[in-house]
Every structure is written in structure tokens, then in C-alpha cells.
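Visitor: One file: start-v4.txt (compact mmCIF, C-alpha atoms and all ligand atoms).
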# COMPACT_ATOMS: atom_id res chain seq x y z
CA MET A 28 161.51 -30.00 254.88
CA LYS A 29 159.14 -31.13 257.61
CA ARG A 30 157.34 -34.45 257.61
CA ILE A 31 153.55 -34.16 257.95
CA TYR A 32 152.30 -36.28 260.83
CA LEU A 33 148.69 -37.20 260.12
CA GLN A 34 147.50 -37.25 263.72
CA LYS A 35 148.38 -33.55 263.87
CA ALA A 36 147.33 -32.62 260.34
CA LYS A 37 143.79 -31.57 261.23
CA ASN A 38 145.27 -28.72 263.27
CA GLN A 39 147.68 -27.68 260.54
CA ILE A 40 145.42 -27.25 257.51
CA ALA A 41 145.82 -23.65 256.29
CA ARG A 42 142.53 -21.78 256.65
CA PRO A 43 141.93 -18.16 255.56
CA THR A 44 142.16 -17.10 259.22
CA THR A 45 145.56 -18.76 259.46
CA ILE A 46 146.91 -16.48 256.72
CA ARG A 47 145.42 -13.41 258.40
CA ASP A 48 146.95 -14.43 261.73
CA ILE A 49 150.35 -14.95 260.15
CA ASN A 50 150.22 -11.50 258.53
CA LYS A 51 149.13 -9.97 261.85
CA GLN A 52 152.08 -11.60 263.55
CA ILE A 53 154.48 -10.30 260.88
CA VAL A 54 153.20 -6.71 261.18
CA LEU A 55 153.42 -6.84 264.99
CA ASN A 56 157.02 -8.04 264.76
CA TYR A 57 157.89 -5.25 262.29
CA VAL A 58 156.57 -2.72 264.78
CA ARG A 59 158.52 -4.40 267.58
CA ASP A 60 161.83 -4.52 265.68
CA ARG A 61 161.72 -1.36 263.59
CA ALA A 62 159.71 1.15 265.66
CA PRO A 63 159.02 3.96 265.04
CA ILE A 64 157.64 2.76 261.72
CA SER A 65 154.76 3.95 259.49
CA ARG A 66 152.02 1.87 257.87
CA ALA A 67 153.50 2.75 254.44
CA GLU A 68 156.95 1.49 255.44
CA ILE A 69 155.47 -1.79 256.71
CA ALA A 70 153.56 -2.19 253.43
CA ARG A 71 156.76 -1.55 251.45
CA GLU A 72 158.85 -3.98 253.53
CA THR A 73 156.29 -6.78 253.60
CA ALA A 74 154.81 -6.30 250.09
CA LEU A 75 151.35 -6.45 251.73
CA GLN A 76 148.62 -4.15 250.38
CA ARG A 77 148.42 -0.75 252.14
CA SER A 78 144.77 -1.45 253.01
CA THR A 79 145.68 -4.86 254.48
CA VAL A 80 148.37 -3.28 256.65
CA SER A 81 145.95 -0.58 257.84
CA ALA A 82 143.32 -3.17 258.78
CA ILE A 83 145.90 -5.22 260.68
CA VAL A 84 147.23 -2.12 262.47
CA ASP A 85 143.66 -1.26 263.54
CA ALA A 86 143.21 -4.77 264.93
CA LEU A 87 146.54 -4.64 266.80
CA GLN A 88 145.65 -1.24 268.27
CA GLU A 89 142.33 -2.63 269.42
CA LEU A 90 144.12 -5.54 271.11
CA GLY A 91 146.23 -2.95 272.98
CA LEU A 92 149.48 -4.20 271.44
CA ILE A 93 150.61 -1.14 269.46
CA GLU A 94 150.06 2.61 269.58
CA GLU A 95 150.62 5.71 267.47
CA ILE A 96 153.38 8.12 268.47
CA GLY A 97 152.97 11.20 266.31
CA MET A 98 154.16 12.12 262.85
CA GLY A 99 157.23 11.09 260.87
CA ASP A 100 159.00 13.00 258.10
CA SER A 101 157.00 13.40 254.91
CA THR A 102 158.37 12.01 251.67
CA GLY A 103 156.18 14.30 249.62
CA GLY A 104 152.52 13.99 250.62
CA ARG A 105 150.84 13.85 254.02
CA LYS A 106 153.13 13.21 257.01
CA PRO A 107 152.86 9.54 258.06
CA THR A 108 151.75 8.51 261.56
CA LEU A 109 154.38 6.39 263.28
CA LEU A 110 153.71 3.23 265.27
CA LYS A 111 155.39 1.54 268.21
CA LEU A 112 154.65 -1.19 270.73
CA LYS A 113 152.28 -0.09 273.47
CA THR A 114 154.42 0.22 276.60
CA GLY A 115 153.77 1.08 280.23
CA SER A 116 150.70 -1.16 280.57
CA PRO A 117 151.08 -4.38 282.54
CA CYS A 118 150.64 -7.52 280.44
CA ALA A 119 152.80 -10.22 282.05
CA ILE A 120 153.30 -11.56 285.57
CA GLY A 121 156.62 -13.39 285.86
CA ILE A 122 157.28 -15.82 288.73
CA ASP A 123 160.95 -16.73 289.00
CA LEU A 124 161.60 -19.46 291.58
CA THR A 125 165.30 -20.10 292.22
CA PRO A 126 166.83 -22.18 295.03
CA ARG A 127 167.67 -19.01 296.98
CA GLU A 128 164.94 -16.49 296.27
CA THR A 129 161.65 -16.14 294.48
CA THR A 130 160.78 -13.03 292.48
CA ILE A 131 157.36 -11.99 291.26
CA ALA A 132 157.30 -9.15 288.73
CA VAL A 133 154.82 -7.37 286.50
CA ALA A 134 156.07 -6.15 283.12
CA ASP A 135 154.85 -4.45 279.98
CA LEU A 136 155.02 -5.70 276.40
CA GLU A 137 158.68 -4.73 276.05
CA GLY A 138 159.58 -6.68 279.19
CA LYS A 139 160.09 -3.50 281.22
CA VAL A 140 159.40 -4.28 284.89
CA ILE A 141 156.60 -2.17 286.39
CA GLU A 142 156.67 -3.66 289.89
CA LEU A 143 158.62 -6.40 291.61
CA GLU A 144 158.67 -8.26 294.92
CA LYS A 145 161.05 -10.89 296.30
CA PHE A 146 161.07 -13.37 299.14
CA THR A 147 163.46 -16.07 300.33
CA THR A 148 162.69 -19.47 298.81
CA SER A 149 161.81 -22.07 301.44
CA GLN A 150 162.09 -25.82 300.99
CA ASP A 151 158.62 -26.11 302.55
CA ILE A 152 156.42 -26.61 299.51
CA GLU A 153 153.19 -25.78 301.42
CA TYR A 154 154.63 -22.42 302.44
CA MET A 155 155.85 -21.68 298.89
CA ASN A 156 152.48 -22.67 297.45
CA ARG A 157 150.69 -20.29 299.84
CA GLN A 158 153.13 -17.41 299.29
CA ILE A 159 152.95 -17.60 295.50
CA ILE A 160 149.16 -17.87 295.37
CA GLU A 161 148.62 -15.02 297.85
CA ARG A 162 151.09 -12.65 296.21
CA VAL A 163 150.01 -13.35 292.63
CA SER A 164 146.31 -13.06 293.60
CA ARG A 165 147.01 -9.62 295.08
CA ILE A 166 148.69 -8.49 291.85
CA ALA A 167 145.93 -9.98 289.69
CA GLU A 168 143.32 -8.12 291.75
CA LYS A 169 145.24 -4.83 291.48
CA TYR A 170 145.41 -5.09 287.68
CA LYS A 171 142.06 -6.80 287.14
CA ASN A 172 141.21 -4.42 284.27
CA GLU A 173 144.33 -5.38 282.30
CA GLN A 174 144.82 -8.46 280.16
CA LEU A 175 147.42 -10.40 282.10
CA GLU A 176 149.01 -13.81 281.75
CA ILE A 177 151.46 -15.61 284.02
CA GLY A 178 154.86 -17.09 283.13
CA MET A 179 156.75 -19.19 285.68
CA SER A 180 160.37 -20.36 285.66
CA LEU A 181 161.44 -23.26 287.91
CA PRO A 182 164.74 -25.06 288.55
CA GLY A 183 163.53 -28.52 287.59
CA ILE A 184 161.63 -30.70 285.16
CA VAL A 185 158.33 -29.20 284.06
CA ASP A 186 155.59 -30.75 281.94
CA GLN A 187 154.56 -27.60 280.10
CA SER A 188 151.56 -29.13 278.34
CA ARG A 189 149.97 -30.31 281.61
CA GLY A 190 151.16 -27.29 283.63
CA LYS A 191 152.78 -29.50 286.20
CA VAL A 192 156.13 -29.40 287.97
CA LEU A 193 157.35 -32.99 287.75
CA TYR A 194 160.50 -32.77 289.85
CA ILE A 195 162.68 -30.12 291.49
CA PRO A 196 165.88 -31.94 292.51
CA TYR A 197 167.18 -29.16 294.76
CA PHE A 198 164.19 -29.49 297.13
CA GLY A 199 163.00 -32.99 296.22
CA TRP A 200 159.54 -31.63 295.26
CA ARG A 201 157.46 -33.83 292.97
CA ASP A 202 154.16 -33.44 291.05
CA TRP A 203 153.36 -29.86 292.09
CA ASP A 204 150.25 -28.54 290.31
CA ILE A 205 150.87 -24.85 291.05
CA ALA A 206 149.74 -23.75 287.55
CA ARG A 207 146.26 -25.24 288.00
CA GLN A 208 145.93 -23.64 291.43
CA LEU A 209 147.00 -20.22 290.13
CA THR A 210 144.52 -20.37 287.25
CA GLU A 211 141.74 -21.51 289.60
CA LYS A 212 142.42 -18.65 292.01
CA THR A 213 143.08 -15.82 289.54
CA GLY A 214 141.46 -16.91 286.27
CA LEU A 215 144.74 -16.16 284.48
CA SER A 216 146.45 -18.61 282.18
CA VAL A 217 149.87 -19.88 283.28
CA THR A 218 152.81 -21.05 281.18
CA MET A 219 155.58 -22.75 283.11
CA GLU A 220 159.04 -23.77 282.04
CA ASN A 221 162.33 -25.14 283.26
CA ASP A 222 164.69 -22.23 284.11
CA ALA A 223 167.32 -23.01 281.44
CA ASN A 224 164.65 -23.33 278.74
CA ALA A 225 163.07 -20.06 279.91
CA ILE A 226 166.47 -18.38 279.52
CA ALA A 227 166.82 -19.83 276.01
CA LEU A 228 163.44 -18.29 275.11
CA ALA A 229 164.50 -14.96 276.64
CA GLU A 230 167.70 -14.93 274.55
CA LEU A 231 165.69 -15.69 271.43
CA TRP A 232 163.34 -12.72 271.96
CA PHE A 233 165.21 -10.29 274.24
CA GLY A 234 168.89 -11.22 273.90
CA GLN A 235 171.67 -9.47 272.02
CA GLU A 236 171.08 -8.87 268.32
CA GLN A 237 173.58 -11.46 267.05
CA ILE A 238 171.69 -14.15 269.01
CA ARG A 239 168.17 -12.97 268.09
CA LYS A 240 169.17 -13.28 264.43
CA ILE A 241 170.16 -16.95 264.53
CA LYS A 242 168.05 -20.10 264.73
CA ASN A 243 170.30 -22.65 266.43
CA PHE A 244 172.01 -21.90 269.70
CA ILE A 245 172.47 -23.29 273.21
CA THR A 246 172.25 -21.40 276.49
CA VAL A 247 174.35 -22.54 279.45
CA LEU A 248 173.19 -21.29 282.86
CA VAL A 249 175.89 -21.48 285.51
CA SER A 250 174.25 -21.31 288.96
CA GLU A 251 173.76 -23.82 291.82
CA GLY A 252 173.98 -26.39 289.03
CA ILE A 253 174.44 -26.19 285.27
CA GLY A 254 171.35 -25.88 283.11
CA THR A 255 171.22 -25.86 279.33
CA GLY A 256 168.52 -24.75 276.91
CA VAL A 257 168.63 -25.82 273.27
CA VAL A 258 167.14 -23.55 270.60
CA PHE A 259 166.68 -25.57 267.45
CA ASP A 260 165.27 -24.01 264.27
CA GLY A 261 164.07 -20.92 266.19
CA GLN A 262 162.26 -22.90 268.91
CA VAL A 263 163.18 -24.20 272.34
CA TYR A 264 163.66 -27.97 272.10
CA HIS A 265 161.85 -29.72 274.96
CA GLY A 266 162.19 -33.43 274.31
CA GLU A 267 159.82 -36.05 275.72
CA LYS A 268 158.13 -34.78 278.92
CA GLY A 269 160.21 -31.58 278.73
CA ALA A 270 163.27 -33.39 280.02
CA ALA A 271 165.75 -32.40 277.26
CA GLY A 272 168.90 -30.42 277.96
CA GLU A 273 170.16 -32.21 281.06
CA PHE A 274 173.74 -31.81 279.90
CA GLY A 275 174.71 -30.80 283.45
CA HIS A 276 175.11 -34.52 284.12
CA MET A 277 177.47 -35.34 281.25
CA ILE A 278 180.85 -36.58 282.36
CA VAL A 279 183.56 -33.99 281.75
CA GLY A 280 186.16 -35.01 284.35
CA GLU A 281 186.55 -36.72 287.70
CA ASN A 282 187.20 -36.00 291.38
CA ALA A 283 185.13 -32.82 291.32
CA PRO A 284 185.45 -30.54 294.38
CA VAL A 285 181.71 -31.04 295.16
CA GLN A 286 179.10 -33.71 294.58
CA CYS A 287 176.65 -33.23 291.73
CA SER A 288 172.94 -33.07 292.69
CA CYS A 289 172.80 -36.65 291.30
CA GLY A 290 175.56 -37.77 293.65
CA SER A 291 178.37 -38.17 291.12
CA ARG A 292 181.71 -36.33 291.14
CA ASP A 293 182.24 -36.60 287.38
CA CYS A 294 179.37 -34.42 286.12
CA TRP A 295 179.75 -31.07 284.39
CA GLU A 296 177.70 -29.52 287.21
CA ALA A 297 180.08 -30.85 289.89
CA LEU A 298 183.05 -29.33 288.05
CA SER A 299 181.72 -25.99 286.71
CA SER A 300 178.84 -24.78 288.89
CA GLU A 301 179.06 -21.88 291.34
CA LYS A 302 179.40 -24.27 294.28
CA ALA A 303 182.29 -26.08 292.51
CA THR A 304 184.13 -22.78 292.12
CA VAL A 305 183.56 -21.79 295.76
CA ALA A 306 184.74 -25.23 296.96
CA ARG A 307 187.89 -24.89 294.82
CA TYR A 308 188.58 -21.49 296.30
CA LYS A 309 188.18 -22.80 299.85
CA LYS A 310 190.56 -25.65 299.10
CA SER A 311 193.25 -23.12 298.19
CA PHE A 312 193.34 -22.14 301.89
CA PRO A 313 193.84 -25.57 303.52
CA HIS A 314 195.27 -24.14 306.76
CA ASN A 315 193.05 -21.13 307.14
CA GLY A 316 189.44 -22.25 307.28
CA SER A 317 188.27 -19.04 308.94
CA LYS A 318 189.44 -16.85 306.05
CA SER A 319 187.18 -18.50 303.54
CA HIS A 320 184.44 -20.36 305.43
CA ASP A 321 181.52 -18.07 304.62
CA ILE A 322 182.45 -17.11 301.06
CA ASN A 323 179.68 -17.21 298.49
CA PHE A 324 180.03 -17.07 294.70
CA ASN A 325 179.20 -13.38 294.28
CA TYR A 326 181.77 -12.46 296.94
CA LEU A 327 184.34 -14.60 295.14
CA ILE A 328 183.57 -12.76 291.90
CA GLY A 329 184.20 -9.45 293.68
CA LEU A 330 187.58 -10.77 294.88
CA ALA A 331 188.51 -11.92 291.38
CA ASN A 332 187.58 -8.57 289.87
CA ASN A 333 189.87 -6.97 292.48
CA GLY A 334 192.72 -9.19 291.31
CA GLU A 335 192.85 -11.74 294.16
CA PRO A 336 194.99 -14.57 292.65
CA GLN A 337 193.26 -17.54 294.37
CA ALA A 338 189.82 -16.32 293.31
CA ILE A 339 191.01 -15.85 289.73
CA GLY A 340 192.70 -19.28 289.81
CA SER A 341 189.49 -21.01 291.00
CA LEU A 342 187.46 -19.30 288.29
CA LYS A 343 189.98 -20.24 285.59
CA GLU A 344 189.83 -23.88 286.67
CA THR A 345 186.02 -23.69 286.46
CA ALA A 346 186.36 -22.06 283.01
CA LYS A 347 188.45 -24.98 281.81
CA TYR A 348 185.66 -27.46 282.64
CA LEU A 349 183.05 -25.05 281.33
CA GLY A 350 185.04 -25.09 278.08
CA ILE A 351 185.14 -28.92 277.99
CA GLY A 352 181.36 -29.12 278.37
CA ILE A 353 180.76 -26.40 275.78
CA SER A 354 183.16 -28.15 273.40
CA ASN A 355 181.10 -31.36 273.73
CA LEU A 356 177.89 -29.45 272.98
CA ILE A 357 179.48 -27.91 269.89
CA VAL A 358 180.86 -31.20 268.60
CA GLY A 359 177.53 -32.98 269.11
CA LEU A 360 174.97 -30.38 268.05
CA SER A 361 176.88 -27.83 265.91
CA PRO A 362 175.07 -24.73 267.19
CA GLN A 363 175.77 -21.29 265.71
CA ALA A 364 176.32 -19.88 269.21
CA ILE A 365 176.65 -20.73 272.89
CA VAL A 366 175.36 -18.11 275.34
CA VAL A 367 176.60 -18.36 278.93
CA SER A 368 174.45 -16.77 281.66
CA GLY A 369 174.46 -16.41 285.44
CA SER A 370 176.65 -14.35 287.79
CA ILE A 371 179.75 -15.83 286.15
CA THR A 372 179.20 -13.38 283.26
CA ASN A 373 180.41 -10.63 285.63
CA VAL A 374 183.94 -12.07 285.28
CA TRP A 375 183.60 -13.05 281.61
CA GLY A 376 186.64 -10.92 280.70
CA LEU A 377 188.78 -13.01 283.08
CA ILE A 378 187.66 -16.42 281.83
CA ALA A 379 186.61 -16.05 278.16
CA ASP A 380 190.10 -16.91 276.84
CA GLU A 381 190.31 -20.00 279.06
CA VAL A 382 186.95 -21.26 277.71
CA SER A 383 187.93 -20.56 274.09
CA LEU A 384 191.31 -22.25 274.43
CA VAL A 385 189.68 -25.53 275.45
CA VAL A 386 187.01 -25.29 272.74
CA GLU A 387 189.62 -24.62 270.05
CA ARG A 388 191.37 -27.89 270.92
CA SER A 389 188.45 -29.91 269.53
CA VAL A 390 188.23 -31.05 265.91
CA ARG A 391 186.19 -28.51 263.98
CA SER A 392 188.84 -26.81 261.90
CA ARG A 393 186.86 -26.78 258.64
CA LEU A 394 183.54 -25.70 260.14
CA PRO A 395 182.49 -22.11 260.92
CA LYS A 396 183.50 -20.97 264.37
CA THR A 397 180.76 -21.14 267.00
CA ILE A 398 180.15 -17.80 268.73
CA ILE A 399 180.72 -18.14 272.49
CA THR A 400 179.33 -15.15 274.32
CA ALA A 401 178.16 -13.93 277.74
CA SER A 402 174.45 -13.24 278.08
CA THR A 403 173.31 -9.61 278.10
CA LEU A 404 170.16 -10.41 280.10
CA GLY A 405 171.81 -9.24 283.36
CA ASP A 406 171.76 -10.78 286.84
CA SER A 407 168.20 -12.16 286.71
CA PRO A 408 168.05 -14.00 283.38
CA THR A 409 165.47 -16.44 284.79
CA LEU A 410 163.08 -13.58 285.63
CA ILE A 411 163.31 -12.32 282.04
CA GLY A 412 162.79 -15.97 281.08
CA ALA A 413 159.58 -16.17 283.14
CA LEU A 414 158.25 -12.95 281.55
CA SER A 415 159.29 -14.16 278.08
CA LEU A 416 156.95 -17.14 278.44
CA VAL A 417 154.08 -14.67 278.19
CA LEU A 418 155.63 -12.06 275.89
CA ALA A 419 157.04 -14.47 273.31
CA ARG A 420 153.62 -16.09 273.03
CA ILE A 421 152.07 -12.72 272.21
CA PHE A 422 154.67 -11.96 269.52
CA ALA A 423 154.65 -15.47 268.14
CA SER A 424 150.87 -15.72 267.74
CA ALA A 425 149.39 -12.20 268.02
CA SER A 426 145.86 -13.49 268.18
ZN ZN B 1 175.09 -35.31 287.91
As C-alpha cells, how would this structure be written, given the file I've shared?
Ligand SMILES: [Zn+2]
Guide:
Amino acid sequence: MKRIYLQKAKNQIARPTTIRDINKQIVLNYVRDRAPISRAEIARETALQRSTVSAIVDALQELGLIEEIGMGDSTGGRKPTLLKLKTGSPCAIGIDLTPRETTIAVADLEGKVIELEKFTTSQDIEYMNRQIIERVSRIAEKYKNEQLEIGMSLPGIVDQSRGKVLYIPYFGWRDWDIARQLTEKTGLSVTMENDANAIALAELWFGQEQIRKIKNFITVLVSEGIGTGVVFDGQVYHGEKGAAGEFGHMIVGENAPVQCSCGSRDCWEALSSEKATVARYKKSFPHNGSKSHDINFNYLIGLANNGEPQAIGSLKETAKYLGIGISNLIVGLSPQAIVVSGSITNVWGLIADEVSLVVERSVRSRLPKTIITASTLGDSPTLIGALSLVLARIFASAS
């Protein structure tokens, strides 16, 4: 049951076009999920008239969203023509800005990357501004005959409705209007989003099947910090000014091995991030600074996967605090699942039990067990997040 807020009601009144758009969206999603599928099968599954389905399919073909792929098996009469999403044509530019590197990629409707370039992220905002505009303009020019949109993922607080980066703590950047500049230069529309929220959207549309099927889950990105994205009733929850999900700063312990980006040593981020794990590992060699001084998190993961006890020990300690934070999220919000992403998923087999053990200690014995799983989005979940900002909009509205 949703309350009707009158100031918004004038946009919500159901018009005939609204119904047609909803049906179009349903047919597009059938093709996406069940391809190869025939018009007759869609009509049977949706209980829409055959003629309605055919008209919608024509419209979707015209929009360049679906295509025919030959004949299926006949169930008596004429062999049906099968449909699938149109792939191979560029439709999304994803810009993924992380503290270390920035990736710009072009992808098709299925999220398959067609081309990709990377450069080292600089803390000089003027330089970053120039790089992004120049590179994206080049791509936009190259594909000027295609219908492209831009999605951008950033490690900070983003006001999506105004297309403005409000604050990126890692670099101290404030009020960056990169979306407006990109649109001015290329004519393309830009959707921007906080990295953890972008990942949540990516899981919702491109994640593993058990996550795509549910409506309430939380993503936990373990990277330089800890970011969380909350999916509530099938939508990413933003909160006022897009600032929801800052669980990285909840207190889960004390005397963390590193300082949180906010300065505290009690935050989840200071106890479970990549830098916390690396600092823990270094501390296990108090008399041999040279052995561990230039270790980074991915190197540490390699050591752990090769059975190095100190690396495994540091990761298990991180997993304990990761479990405490996850347990708090479960107790407070009762999600159906928690999806962990970031490089830490490459050692999930080593730490999953540690995380579960902590979570099981909390009081939820009569409630269904929350699924805790590693993301299947791979090593660049934020890039898929950036692309999802465009792709999910196409599948969610189809008009
Ligand atoms: Zn903090």
C-alpha cells in the first residue's frame, strides 16, 4: 500500500499511454529474460492479445531494442520467428571513477563491453574534468549515429536529480558539475550515482539470479572504504540528497588499525576496508618492515590464496568486523540478502564462514535466514554499475 502524495499526483494519473508504456516494458523484459522467445509465447505468458504483442514488438524493433533471430520449432502451424535483445550496437557510455583509476567504456544493451579505456585518477579536479570531457567527446563523436546515454559512478555523495557531485571525501572535491558539462559538450544525457548505489542497481539488473529475483537486499562494497547500497522494494533507496547508505561510519569496534576517512578509529570502514586489512598484515611483521612495506590489497589476496598464514589471519580478522557490520544491517533492515563486492570476493571461500559465524550470533532465530553471498559482477562492479545507470533505465521505462 502506497500513500498518494498530492503534490506528485498530477504526474501519476494513469493515462492510456501509461498502460501502453507499461505493456511495452513488460514485453521488453520478457525478451530480455526468456530469449529466444516468440511473439506467441509472450502473448501466452502475459495474457496480452497476439495483435497487441505484435504491435509492441514492432515498436521495440523500431527503437533498436530487440531483433529477430530466425525460426523456432513449430507446434503445428507456421514456424514462429524468435526474438532477442539487439546486441553488438553501442548504447551506453559508462564512466567509472575510483580513487585509483578511471575507466570509460562503451557497452551494448546486454552490458557487453565494446571498447574500454583507463587512466590513473588524479586528485587534480581540473585535470580529471578535462580528461573525462575530452575522452567522452571522442567516443560520442565516433558513435554519433547511435543513440547513446552516459552513466557515471563516483566514490562520494551525488545529487542525482541535479546531476551534481556534492562531495568526494577521498579527494575533498565539492560541487562538481561534470554532468552538465558533459551534456553541454556531447548533447548526451548523463545519469550519475554514488558507487555503492550503482553497484546495487547492477546487482538488481545484472547480478546472480537469486538476487535479481528478490526485492530487498543490501550491497556492501569493500574497497578503499566501505560503501553500502540499499535496494528496497525493487529500487535503490537514496534518502534525502542521495546521502543514504553511509553505514561505513557505524561504530563496530575500536582501536582500528587505520583511521576512517572521517578521522575515527571506531568505524566499520576503519576495521573492514582494504586498507585496514593491509595495515593488519603489516602489523604482523613488527620487526621486518621491509618484507611488507609495499604490499597492496590484491597482493595480499594472492598471498592468502597461496596459504600464507599471516595474510589469511589478517583477512579473517577483517571478516569478523565485516560480519559485525553485516549483522547490524540485518538486524536493523531485515533484508533478504547481503551481497559483498570488491576484490575481497576473490578470497570469499577463506572468509565466508568467519562472516557467517558472527552473523549467526545475533538474535534472529525465528526469522528466515538472510542470504550472504559474494557478488558475481567481477573485479569492476562499479563499471557495471555505471553502465547499469543507462541500461536499467531503458529496461525500466522502454519509452
Ligand atoms: Zn568514519
Visitor: Could you please extract the residues within 8 Å of ligand ZN 1 (chain B), counting all atoms listed in the file, and hand them back as a compact mmCIF listing (two decimals) with C-alpha atoms, in the frame of the given file?
Guide:
# COMPACT_ATOMS: atom_id res chain seq x y z
CA GLY A 275 174.71 -30.80 283.45
CA HIS A 276 175.11 -34.52 284.12
CA MET A 277 177.47 -35.34 281.25
CA GLN A 286 179.10 -33.71 294.58
CA CYS A 287 176.65 -33.23 291.73
CA SER A 288 172.94 -33.07 292.69
CA CYS A 289 172.80 -36.65 291.30
CA GLY A 290 175.56 -37.77 293.65
CA SER A 291 178.37 -38.17 291.12
CA ARG A 292 181.71 -36.33 291.14
CA ASP A 293 182.24 -36.60 287.38
CA CYS A 294 179.37 -34.42 286.12
CA TRP A 295 179.75 -31.07 284.39
CA GLU A 296 177.70 -29.52 287.21
CA ALA A 297 180.08 -30.85 289.89
Visitor: Per residue of range 85-146 of chain A within 9 Å of range 404-416 of chain A, what are the shortest atom pair and its distance in Å to one decimal, counting all atoms listed in the file, with rows by chain and residue number, as JSON lines?
Guide:
{"residue": "A:Ala119", "atom": "CA", "partner": "A:Leu414", "partner_atom": "CA", "distance": 6.1}
{"residue": "A:Ile120", "atom": "CA", "partner": "A:Leu414", "partner_atom": "CA", "distance": 6.5}
{"residue": "A:Gly121", "atom": "CA", "partner": "A:Leu414", "partner_atom": "CA", "distance": 4.6}
{"residue": "A:Ile122", "atom": "CA", "partner": "A:Ala413", "partner_atom": "CA", "distance": 6.1}
{"residue": "A:Asp123", "atom": "CA", "partner": "A:Leu410", "partner_atom": "CA", "distance": 5.1}
{"residue": "A:Leu124", "atom": "CA", "partner": "A:Thr409", "partner_atom": "CA", "distance": 8.4}
{"residue": "A:Thr125", "atom": "CA", "partner": "A:Thr409", "partner_atom": "CA", "distance": 8.3}
{"residue": "A:Thr130", "atom": "CA", "partner": "A:Leu410", "partner_atom": "CA", "distance": 7.2}
{"residue": "A:Ile131", "atom": "CA", "partner": "A:Leu410", "partner_atom": "CA", "distance": 8.2}
{"residue": "A:Ala132", "atom": "CA", "partner": "A:Leu410", "partner_atom": "CA", "distance": 7.9}
{"residue": "A:Val133", "atom": "CA", "partner": "A:Leu414", "partner_atom": "CA", "distance": 8.2}
{"residue": "A:Ala134", "atom": "CA", "partner": "A:Leu414", "partner_atom": "CA", "distance": 7.3}
{"residue": "A:Gly138", "atom": "CA", "partner": "A:Leu414", "partner_atom": "CA", "distance": 6.8}
Visitor: Neighbours of Ile241 in chain A within 12 Å (all atoms listed in the file; same-chain residues fewer than 3 positions away dropped), as number ranges by chain?
Guide: A: 230-232, 234-238, 244-245, 258-262, 362-365, 397-398
Visitor: CA of Ala423 in chain A to CA of Met179 in chain A: how many Å, to one decimal?
Guide: 18.1 Å
Visitor: So how far away is CA of Arg59 in chain A from CA of Leu136 in chain A, in Å?
Guide: 9.6 Å
Visitor: Contacts of range 160-172 of chain A at 10 Å or less, counting only C-alpha atoms, minus same-chain residues fewer than 6 places along, as a PyMOL selection string?
Guide: chain A and resi 116-118+120-122+131-133+142+144+205-206+208-210+212-215
Visitor: For Leu92 in chain A, which residue out of A:Tyr264, A:Tyr348, A:Tyr197, A:Phe422 is the nearest one, using all atoms listed in the file?
Guide: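 Checking each candidate against Leu92 in chain A, we get A:Phe422 as the closest.
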Visitor: Using all atoms listed in the file, determine which residues lie at most 8 Å from Ala303 in chain A, disregarding the query and same-chain residues fewer than 5 positions distant; provide the list as a PyMOL selection string.
Guide: chain A and resi 283-285+296-298+345
Visitor: Here is a test: counting all atoms listed in the file, which residue of A:Val80, A:Ala67, A:Met28, A:Ile353 is nearest to Arg47 in chain A?
Guide: A:Val80
Visitor: Considering only C-alpha atoms, state which residue in the set A:Asp151, A:Asn243, A:Ile184, A:Gly350 is at the smallest distance from Leu384 in chain A.
Guide: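 Distance minimum relative to Leu384 in chain A lands on A:Gly350.
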Visitor: Calculated over all atoms listed in the file, which of the candidates A:Gly359, A:Asp202, A:Leu349, A:Gly115 has the smallest distance to Val385 in chain A?
Guide: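 Using all atoms listed in the file, the shortest distance to Val385 in chain A belongs to A:Leu349.
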